[in-house]
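The next block is start.cif, given as mmCIF, C-alpha atoms.
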```cif
data_final
#
loop_
_atom_site.label_atom_id
_atom_site.label_comp_id
_atom_site.auth_asym_id
_atom_site.auth_seq_id
_atom_site.Cartn_x
_atom_site.Cartn_y
_atom_site.Cartn_z
CA MET A 174 142.44 156.96 240.95
CA LYS A 175 144.35 156.14 237.76
CA TYR A 176 143.51 157.20 234.23
CA PHE A 177 144.17 156.21 230.62
CA ILE A 178 144.74 158.59 227.73
CA GLY A 179 144.06 157.48 224.16
CA LEU A 180 144.92 159.50 221.07
CA ASP A 181 143.85 159.05 217.45
CA GLY A 182 146.35 160.83 215.22
CA GLY A 183 145.71 161.73 211.61
CA GLY A 184 146.94 163.91 208.81
CA THR A 185 144.74 166.86 209.76
CA LYS A 186 143.98 166.51 213.48
CA THR A 187 144.59 164.48 216.62
CA LYS A 188 141.70 163.39 218.86
CA CYS A 189 142.36 162.76 222.54
CA VAL A 190 140.31 161.19 225.32
CA ILE A 191 141.03 160.56 228.99
CA THR A 192 139.12 157.70 230.63
CA ASP A 193 138.84 155.97 233.97
CA PHE A 194 139.75 152.28 234.43
CA GLU A 195 136.34 151.27 233.05
CA PHE A 196 136.98 153.32 229.90
CA LYS A 197 134.35 155.91 230.72
CA SER A 198 135.21 159.07 228.80
CA LEU A 199 135.90 161.90 231.25
CA TYR A 200 137.17 164.57 228.86
CA GLU A 201 137.85 164.89 225.14
CA CYS A 202 139.90 167.40 223.16
CA GLN A 203 141.72 167.69 219.86
CA GLY A 204 144.78 169.33 218.36
CA GLY A 205 146.85 169.51 215.20
CA PRO A 206 148.02 166.70 212.88
CA SER A 207 150.13 163.73 213.99
CA ASN A 208 151.63 162.47 210.73
CA PHE A 209 155.20 162.62 212.02
CA LEU A 210 156.67 161.24 208.80
CA ILE A 211 155.58 164.48 207.14
CA ILE A 212 155.75 167.17 209.85
CA GLY A 213 158.39 165.60 212.09
CA THR A 214 158.35 164.05 215.55
CA GLU A 215 159.06 167.27 217.44
CA LYS A 216 155.93 169.00 216.18
CA VAL A 217 153.84 165.90 216.86
CA SER A 218 155.37 165.50 220.33
CA GLU A 219 154.41 169.10 221.06
CA THR A 220 150.82 168.36 220.03
CA ILE A 221 150.62 165.16 222.10
CA LEU A 222 152.04 166.80 225.22
CA SER A 223 149.70 169.76 224.85
CA LEU A 224 146.65 167.47 224.66
CA VAL A 225 147.79 165.34 227.59
CA LEU A 226 148.34 168.43 229.74
CA GLU A 227 144.93 169.80 228.73
CA CYS A 228 143.35 166.58 230.05
CA VAL A 229 145.38 166.80 233.26
CA GLU A 230 144.42 170.42 233.85
CA HIS A 231 140.74 169.84 233.09
CA LEU A 232 140.46 166.98 235.59
CA LYS A 233 142.77 168.76 238.06
CA ILE A 234 144.98 165.71 238.47
CA SER A 235 148.74 165.13 238.39
CA THR A 236 150.64 163.47 235.56
CA ASP A 237 151.54 160.65 237.99
CA GLU A 238 147.87 159.66 238.04
CA ILE A 239 147.97 158.82 234.33
CA ALA A 240 148.61 155.08 234.26
CA SER A 241 149.26 154.87 230.53
CA ILE A 242 149.14 156.89 227.30
CA PHE A 243 148.68 155.34 223.87
CA ILE A 244 148.56 156.96 220.44
CA GLY A 245 147.63 155.33 217.17
CA THR A 246 148.66 157.52 214.30
CA THR A 247 149.23 157.74 210.57
CA GLY A 248 152.74 156.61 209.65
CA ALA A 249 153.31 154.35 212.67
CA GLY A 250 152.52 151.05 210.98
CA ARG A 251 156.16 149.94 210.95
CA PRO A 252 157.78 149.12 214.32
CA ASN A 253 160.87 151.27 213.70
CA ASP A 254 158.77 154.33 212.92
CA ALA A 255 156.56 153.78 215.96
CA GLN A 256 159.62 153.39 218.18
CA LYS A 257 161.10 156.63 216.89
CA LEU A 258 158.00 158.62 217.84
CA LYS A 259 157.94 156.90 221.24
CA ASP A 260 161.58 157.75 221.92
CA ASP A 261 161.33 161.30 220.62
CA PHE A 262 158.16 162.07 222.59
CA THR A 263 159.74 160.71 225.77
CA ALA A 264 162.81 162.89 225.23
CA TYR A 265 160.70 165.94 224.33
CA SER A 266 158.52 165.53 227.42
CA LYS A 267 161.56 165.26 229.68
CA SER A 268 163.00 168.41 228.13
CA LYS A 269 159.81 170.19 229.19
CA GLY A 270 159.95 168.76 232.70
CA TYR A 271 157.44 165.91 232.33
CA SER A 272 157.71 162.14 232.54
CA PHE A 273 154.94 159.57 232.18
CA ASN A 274 154.41 156.07 233.53
CA SER A 275 153.81 154.53 230.11
CA PHE A 276 153.71 155.89 226.54
CA ASN A 277 153.33 153.69 223.46
CA VAL A 278 152.68 154.07 219.74
CA ASP A 279 151.03 152.01 217.00
CA SER A 280 149.16 152.63 213.74
CA ASP A 281 145.83 154.42 213.45
CA ALA A 282 144.37 151.23 211.97
CA ARG A 283 145.39 149.23 215.05
CA ILE A 284 143.51 151.44 217.49
CA ALA A 285 140.52 151.58 215.14
CA LEU A 286 140.41 147.76 215.25
CA GLU A 287 140.51 147.74 219.06
CA GLY A 288 137.83 150.40 219.30
CA ALA A 289 135.54 148.80 216.75
CA PHE A 290 135.22 145.57 218.74
CA SER A 291 136.07 146.76 222.27
CA GLY A 292 139.18 144.61 222.23
CA LYS A 293 137.35 141.47 221.08
CA PRO A 294 138.15 139.49 217.90
CA GLY A 295 137.01 140.99 214.60
CA SER A 296 138.26 142.56 211.40
CA LEU A 297 138.51 146.09 210.09
CA LEU A 298 138.54 146.85 206.37
CA ILE A 299 139.85 150.28 205.46
CA ALA A 300 139.10 151.40 201.92
CA GLY A 301 139.49 155.12 201.48
CA THR A 302 142.34 156.53 199.43
CA GLY A 303 144.18 153.23 200.01
CA SER A 304 143.08 149.79 201.20
CA VAL A 305 144.09 147.34 203.93
CA ILE A 306 142.33 144.93 206.28
CA PHE A 307 143.33 144.00 209.83
CA GLY A 308 141.97 141.13 211.87
CA LYS A 309 142.27 139.97 215.48
CA ASP A 310 141.73 136.33 216.41
CA SER A 311 140.67 134.71 219.69
CA LYS A 312 144.34 134.39 220.73
CA ASN A 313 144.78 138.16 220.33
CA GLN A 314 147.02 137.67 217.30
CA ILE A 315 146.85 140.47 214.73
CA HIS A 316 146.67 139.63 211.03
CA ARG A 317 146.98 141.93 208.04
CA VAL A 318 146.11 141.66 204.35
CA GLY A 319 146.89 144.29 201.72
CA GLY A 320 148.19 147.75 202.47
CA PHE A 321 150.94 147.65 199.85
CA GLY A 322 150.36 151.21 198.68
CA ARG A 323 149.39 152.80 195.41
CA LEU A 324 152.22 151.36 193.30
CA ILE A 325 151.69 147.64 193.93
CA GLY A 326 148.52 147.49 196.01
CA ASP A 327 145.51 149.52 197.20
CA GLU A 328 143.08 147.31 195.32
CA GLY A 329 139.48 148.45 195.64
CA SER A 330 140.50 151.83 197.00
CA GLY A 331 139.56 155.33 195.94
CA ASN A 332 143.00 155.78 194.44
CA THR A 333 142.63 152.68 192.26
CA LEU A 334 139.07 153.48 191.22
CA GLY A 335 140.18 156.96 190.23
CA ARG A 336 143.28 155.80 188.38
CA ARG A 337 141.37 153.18 186.41
CA GLY A 338 138.66 155.72 185.64
CA LEU A 339 141.23 158.16 184.29
CA ASN A 340 142.78 155.37 182.23
CA GLN A 341 139.40 154.59 180.68
CA ALA A 342 138.81 158.27 179.93
CA ALA A 343 142.25 158.46 178.30
CA LYS A 344 141.36 155.52 176.05
CA ASP A 345 138.13 157.26 175.09
CA LEU A 346 139.96 160.50 174.31
CA ASP A 347 142.40 158.88 171.88
CA GLY A 348 139.97 156.41 170.34
CA ARG A 349 141.08 153.15 171.96
CA ALA A 350 137.78 152.53 173.72
CA ASP A 351 134.08 153.21 173.47
CA LYS A 352 132.62 156.49 174.66
CA THR A 353 132.18 156.75 178.42
CA LEU A 354 130.56 159.13 180.89
CA LEU A 355 133.94 159.30 182.61
CA THR A 356 135.26 161.55 179.86
CA ILE A 357 132.28 163.87 180.24
CA PHE A 358 132.73 164.04 184.02
CA LEU A 359 136.44 164.70 183.55
CA ARG A 360 135.65 167.69 181.37
CA GLU A 361 132.71 169.07 183.33
CA ASP A 362 134.03 168.59 186.86
CA PHE A 363 137.79 168.88 186.41
CA GLY A 364 138.12 171.01 183.28
CA ILE A 365 140.17 168.37 181.46
CA SER A 366 139.03 167.93 177.87
CA ASP A 367 141.98 166.53 175.90
CA THR A 368 144.94 164.19 176.26
CA SER A 369 147.48 166.99 176.64
CA GLN A 370 145.63 168.47 179.61
CA LEU A 371 145.21 165.04 181.18
CA ILE A 372 148.92 164.25 180.92
CA THR A 373 149.84 167.63 182.40
CA GLU A 374 147.46 167.28 185.35
CA VAL A 375 148.57 163.75 186.17
CA TYR A 376 152.34 164.03 185.72
CA ARG A 377 153.10 167.69 186.34
CA ASN A 378 150.38 168.81 188.73
CA ASN A 379 150.11 165.57 190.74
CA PHE A 380 146.40 165.06 190.08
CA ASP A 381 144.67 163.45 193.07
CA MET A 382 143.58 160.10 191.64
CA ALA A 383 141.18 159.39 194.51
CA SER A 384 139.29 162.62 193.80
CA PHE A 385 137.99 161.03 190.58
CA ALA A 386 136.67 157.92 192.36
CA PRO A 387 133.25 159.44 193.20
CA LYS A 388 132.77 160.15 189.50
CA VAL A 389 133.55 156.55 188.60
CA ILE A 390 130.97 155.44 191.16
CA GLU A 391 128.41 157.93 189.82
CA ALA A 392 129.00 156.85 186.22
CA ALA A 393 128.51 153.20 187.18
CA ARG A 394 125.30 154.00 189.03
CA ILE A 395 123.94 155.73 185.94
CA GLY A 396 124.79 152.66 183.86
CA ASP A 397 128.16 153.35 182.26
CA ILE A 398 129.58 149.99 181.12
CA ALA A 399 133.25 150.85 181.61
CA ALA A 400 132.70 152.30 185.08
CA ASN A 401 130.63 149.30 186.13
CA LYS A 402 133.40 146.96 185.00
CA ILE A 403 135.88 148.86 187.18
CA LEU A 404 133.63 148.75 190.24
CA ASN A 405 132.81 145.08 189.78
CA GLU A 406 136.46 144.07 189.52
CA GLU A 407 137.65 146.27 192.37
CA SER A 408 134.86 145.19 194.72
CA ASP A 409 135.93 141.60 193.97
CA GLU A 410 139.41 142.58 195.15
CA LEU A 411 138.03 143.86 198.46
CA VAL A 412 136.08 140.63 198.90
CA LEU A 413 139.37 138.76 198.43
CA HIS A 414 140.84 140.83 201.27
CA VAL A 415 137.97 139.74 203.51
CA LYS A 416 138.22 136.08 202.47
CA SER A 417 141.93 136.05 203.21
CA ILE A 418 141.63 137.60 206.67
CA PHE A 419 138.71 135.27 207.49
CA ASN A 420 140.92 132.27 206.69
CA MET A 421 143.78 133.71 208.77
CA ILE A 422 141.59 134.32 211.81
CA GLY A 423 140.28 130.76 211.59
CA GLU A 424 137.03 131.27 213.49
CA ASP A 425 133.57 129.94 212.57
CA LYS A 426 132.22 133.47 212.23
CA MET A 427 133.74 136.91 211.85
CA SER A 428 132.54 140.45 212.45
CA LEU A 429 133.64 143.04 209.90
CA CYS A 430 133.74 146.79 210.40
CA LEU A 431 134.09 149.11 207.40
CA VAL A 432 136.12 152.32 207.40
CA GLY A 433 136.82 154.80 204.60
CA GLY A 434 134.88 156.96 202.20
CA THR A 435 134.51 154.41 199.41
CA ILE A 436 132.82 151.65 201.43
CA ALA A 437 131.69 153.13 204.76
CA THR A 438 129.28 155.63 203.21
CA GLU A 439 126.04 155.01 201.34
CA ASN A 440 126.96 154.76 197.67
CA TYR A 441 126.59 152.41 194.70
CA TYR A 442 130.05 150.89 195.15
CA ALA A 443 129.56 150.23 198.87
CA GLU A 444 126.23 148.55 198.16
CA MET A 445 127.84 146.35 195.51
CA PHE A 446 130.58 145.30 197.91
CA ARG A 447 128.17 144.60 200.77
CA ARG A 448 125.99 142.40 198.54
CA LYS A 449 129.00 140.34 197.52
CA VAL A 450 130.07 139.84 201.14
CA GLU A 451 126.54 138.75 202.09
CA THR A 452 126.27 136.23 199.25
CA GLN A 453 129.85 134.93 199.11
CA LEU A 454 130.75 135.08 202.80
CA PRO A 455 127.61 134.26 204.83
CA LYS A 456 129.71 133.71 207.98
CA VAL A 457 130.96 137.30 207.87
CA LYS A 458 128.71 139.91 209.48
CA ILE A 459 129.20 143.59 208.69
CA THR A 460 128.74 145.62 211.88
CA ALA A 461 129.12 149.20 213.07
CA ALA A 462 132.08 150.15 215.27
CA GLU A 463 131.33 149.90 218.99
CA ASN A 464 133.74 152.71 219.88
CA PRO A 465 135.79 155.40 218.11
CA PRO A 466 139.55 154.88 217.54
CA GLU A 467 140.60 157.08 220.47
CA ILE A 468 138.75 154.76 222.85
CA GLY A 469 140.53 151.89 221.12
CA ALA A 470 143.78 153.66 222.00
CA ALA A 471 142.63 153.80 225.64
CA PHE A 472 142.03 150.03 225.52
CA MET A 473 145.57 149.57 224.27
CA ALA A 474 146.90 151.94 226.91
CA LYS A 475 145.55 149.59 229.58
CA SER A 476 147.07 146.57 227.84
CA MET A 477 150.52 148.14 228.24
CA ILE A 478 150.53 148.12 232.04
#
```
For this file, produce the structure as structure tokens.
Amino acid sequence: MKYFIGLDGGGTKTKCVITDFEFKSLYECQGGPSNFLIIGTEKVSETILSLVLECVEHLKISTDEIASIFIGTTGAGRPNDAQKLKDDFTAYSKSKGYSFNSFNVDSDARIALEGAFSGKPGSLLIAGTGSVIFGKDSKNQIHRVGGFGRLIGDEGSGNTLGRRGLNQAAKDLDGRADKTLLTIFLREDFGISDTSQLITEVYRNNFDMASFAPKVIEAARIGDIAANKILNEESDELVLHVKSIFNMIGEDKMSLCLVGGTIATENYYAEMFRRKVETQLPKVKITAAENPPEIGAAFMAKSMI
């Protein structure tokens, strides 16, 4: 019997699953982070090998029985970066006395897309700290919109909501704009009450912009005009992402799965976005993911053999 191993790597932990050829989960485990651009490929390779061997030992099988291993992880969105982790893991494994039939790497978003639709066509909108949307068409071609990062992109994301909220609070503090609840939340929840403190936190202490996003959403829900303007404009940006990927995929209908704290949870902003999709894009259906990302990685493991 042959097996597939799929791994979902992130900045805090790595989830691992071993499946049979029908993708039935036989054992699951998890280990440390897999963001190799931050902690290095050797540490990540150590984590991957440890998880793979845990699966092997639990099922009492040999490494030869693993048909294919696939990891989707943070930082592997560019081919050169993915290839480096692949090469370094292969070398690390050999140095420890192990070799595997197939090992491949792609982004965490890619495996999430495969898992969400069990390998079928569909689209995956990620809007957490950043924002990007991926789509797969009926010819198995992958399309991407957004994902340009916080400096020139990330429209509709937590980072952008937070940054624009802080900007509005700054304008309130120095008299350039009307009073806003955002300034009150900034003082009560973050201890920032004047322009000097705000500048220090943002430019010296690397203030986490996305951490202010929930306050922008809360202020809008209560009725704050400035916060509502931010949410309305940024939700429009996310709708543009969806429209663009829908046109790229070129199908009559499209399923859309949502990922990320700003739109995949129940909140005022997510509701606003969903309403716009329903009214402006009636051929797009928002659905729940069919499988977790690690199962998506197992799907991709099979596609590599």
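We find atom CA of A:Leu454 and atom CA of A:Lys416 to be spaced 7.5 Å apart.
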Legend entry - Polymer residues at most 6 Å from (158.1, 155.3, 223.0) by only C-alpha atoms, as a VMD selection string: chain A and resid 256 259 to 260 276 to 277
Fewer than 2 positions away in the same chain doesn't count, so skip those; otherwise give me all residues within 7 Å of stretch 220-226 of chain A, counting only C-alpha atoms, as a PDB file with C-alpha atoms, in the coordinates of the input.
```pdb
ATOM      1  CA  CYS A 189     142.360 162.760 222.540  1.00  0.00           C
ATOM      2  CA  CYS A 202     139.900 167.400 223.160  1.00  0.00           C
ATOM      3  CA  GLN A 203     141.720 167.690 219.860  1.00  0.00           C
ATOM      4  CA  GLY A 204     144.780 169.330 218.360  1.00  0.00           C
ATOM      5  CA  GLY A 205     146.850 169.510 215.200  1.00  0.00           C
ATOM      6  CA  LYS A 216     155.930 169.000 216.180  1.00  0.00           C
ATOM      7  CA  VAL A 217     153.840 165.900 216.860  1.00  0.00           C
ATOM      8  CA  SER A 218     155.370 165.500 220.330  1.00  0.00           C
ATOM      9  CA  CYS A 228     143.350 166.580 230.050  1.00  0.00           C
ATOM     10  CA  VAL A 229     145.380 166.800 233.260  1.00  0.00           C
ATOM     11  CA  GLU A 230     144.420 170.420 233.850  1.00  0.00           C
ATOM     12  CA  SER A 266     158.520 165.530 227.420  1.00  0.00           C
TER      13      SER A 266
END
```
Inset, instruction - For A:Tyr442, please output as a count of residues only all residues within 12 Å (counting all atoms listed in the file; exclusion window: fewer than 3 positions along the same chain). - result: 36
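Reported to one decimal place, the separation of atom CA of A:Gly245 from atom CA of A:Glu201 is 15.8 Å.
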Inset, instruction - Taking (131.7, 157.6, 224.7) in the file's own coordinates, collect the residues within 8 Å, counting only C-alpha atoms, and hand them back as a PyMOL selection string. - result: chain A and resi 197-198+464+468
Legend entry - Ground truth for the PyMOL selection byres ((chain A and resi 340) around 12), written as a ChimeraX atom specification: /A:333-339,341-347,349-350,353,355-356,359,368,371-372,375,382,385,389,399-400,403
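Among A:Asp397, A:Ile422, A:Ser235, A:Glu374, the residue with the shortest atom-to-atom distance to A:Lys352, counting only C-alpha atoms, is A:Asp397.
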Legend entry - Selection dump of the PyMOL selection byres ((chain A and resi 258) around 10), as a PyMOL selection string: chain A and resi 209-210+213-215+217-218+244+248-249+253-257+259-264+277-279
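Minimum atom-to-atom distance to A:Lys309, evaluated using all atoms listed in the file, belongs to A:Met421 out of A:Leu324, A:Leu413, A:Met421, A:Ala383.
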Any chance you could model N, CA and C atoms for stretch 410-428 of chain A and send them as a PDB file, in the coordinates of the input?
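Ended up saving to out_14.pdb:
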```pdb
ATOM      1  N   GLU A 410     138.121 142.534 194.465  1.00  0.00           N
ATOM      2  CA  GLU A 410     139.410 142.580 195.150  1.00  0.00           C
ATOM      3  C   GLU A 410     139.231 142.793 196.659  1.00  0.00           C
ATOM      4  N   LEU A 411     138.292 143.641 197.030  1.00  0.00           N
ATOM      5  CA  LEU A 411     138.030 143.860 198.460  1.00  0.00           C
ATOM      6  C   LEU A 411     137.466 142.601 199.109  1.00  0.00           C
ATOM      7  N   VAL A 412     136.622 141.889 198.380  1.00  0.00           N
ATOM      8  CA  VAL A 412     136.080 140.630 198.900  1.00  0.00           C
ATOM      9  C   VAL A 412     137.220 139.630 199.131  1.00  0.00           C
ATOM     10  N   LEU A 413     138.212 139.628 198.244  1.00  0.00           N
ATOM     11  CA  LEU A 413     139.370 138.760 198.430  1.00  0.00           C
ATOM     12  C   LEU A 413     140.126 139.102 199.708  1.00  0.00           C
ATOM     13  N   HIS A 414     140.222 140.400 200.009  1.00  0.00           N
ATOM     14  CA  HIS A 414     140.840 140.830 201.270  1.00  0.00           C
ATOM     15  C   HIS A 414     140.112 140.183 202.455  1.00  0.00           C
ATOM     16  N   VAL A 415     138.784 140.262 202.405  1.00  0.00           N
ATOM     17  CA  VAL A 415     137.970 139.740 203.510  1.00  0.00           C
ATOM     18  C   VAL A 415     138.106 138.222 203.607  1.00  0.00           C
ATOM     19  N   LYS A 416     138.068 137.536 202.472  1.00  0.00           N
ATOM     20  CA  LYS A 416     138.220 136.080 202.470  1.00  0.00           C
ATOM     21  C   LYS A 416     139.549 135.666 203.087  1.00  0.00           C
ATOM     22  N   SER A 417     140.597 136.379 202.727  1.00  0.00           N
ATOM     23  CA  SER A 417     141.930 136.050 203.210  1.00  0.00           C
ATOM     24  C   SER A 417     142.046 136.232 204.722  1.00  0.00           C
ATOM     25  N   ILE A 418     141.538 137.353 205.231  1.00  0.00           N
ATOM     26  CA  ILE A 418     141.630 137.600 206.670  1.00  0.00           C
ATOM     27  C   ILE A 418     140.744 136.623 207.443  1.00  0.00           C
ATOM     28  N   PHE A 419     139.605 136.249 206.859  1.00  0.00           N
ATOM     29  CA  PHE A 419     138.710 135.270 207.490  1.00  0.00           C
ATOM     30  C   PHE A 419     139.435 133.932 207.659  1.00  0.00           C
ATOM     31  N   ASN A 420     140.167 133.522 206.625  1.00  0.00           N
ATOM     32  CA  ASN A 420     140.920 132.270 206.690  1.00  0.00           C
ATOM     33  C   ASN A 420     142.056 132.361 207.713  1.00  0.00           C
ATOM     34  N   MET A 421     142.691 133.525 207.804  1.00  0.00           N
ATOM     35  CA  MET A 421     143.780 133.710 208.770  1.00  0.00           C
ATOM     36  C   MET A 421     143.280 133.649 210.204  1.00  0.00           C
ATOM     37  N   ILE A 422     142.143 134.291 210.460  1.00  0.00           N
ATOM     38  CA  ILE A 422     141.590 134.320 211.810  1.00  0.00           C
ATOM     39  C   ILE A 422     141.152 132.926 212.248  1.00  0.00           C
ATOM     40  N   GLY A 423     140.587 132.160 211.318  1.00  0.00           N
ATOM     41  CA  GLY A 423     140.280 130.760 211.590  1.00  0.00           C
ATOM     42  C   GLY A 423     139.125 130.505 212.534  1.00  0.00           C
ATOM     43  N   GLU A 424     138.201 131.452 212.639  1.00  0.00           N
ATOM     44  CA  GLU A 424     137.030 131.270 213.490  1.00  0.00           C
ATOM     45  C   GLU A 424     135.832 130.837 212.640  1.00  0.00           C
ATOM     46  N   ASP A 425     134.774 130.348 213.292  1.00  0.00           N
ATOM     47  CA  ASP A 425     133.570 129.940 212.570  1.00  0.00           C
ATOM     48  C   ASP A 425     132.849 131.132 211.961  1.00  0.00           C
ATOM     49  N   LYS A 426     132.873 132.250 212.698  1.00  0.00           N
ATOM     50  CA  LYS A 426     132.220 133.470 212.230  1.00  0.00           C
ATOM     51  C   LYS A 426     133.165 134.643 212.429  1.00  0.00           C
ATOM     52  N   MET A 427     132.890 135.732 211.715  1.00  0.00           N
ATOM     53  CA  MET A 427     133.740 136.910 211.850  1.00  0.00           C
ATOM     54  C   MET A 427     132.917 138.181 211.689  1.00  0.00           C
ATOM     55  N   SER A 428     133.158 139.133 212.572  1.00  0.00           N
ATOM     56  CA  SER A 428     132.540 140.450 212.450  1.00  0.00           C
ATOM     57  C   SER A 428     133.467 141.347 211.639  1.00  0.00           C
TER      58      SER A 428
END
```
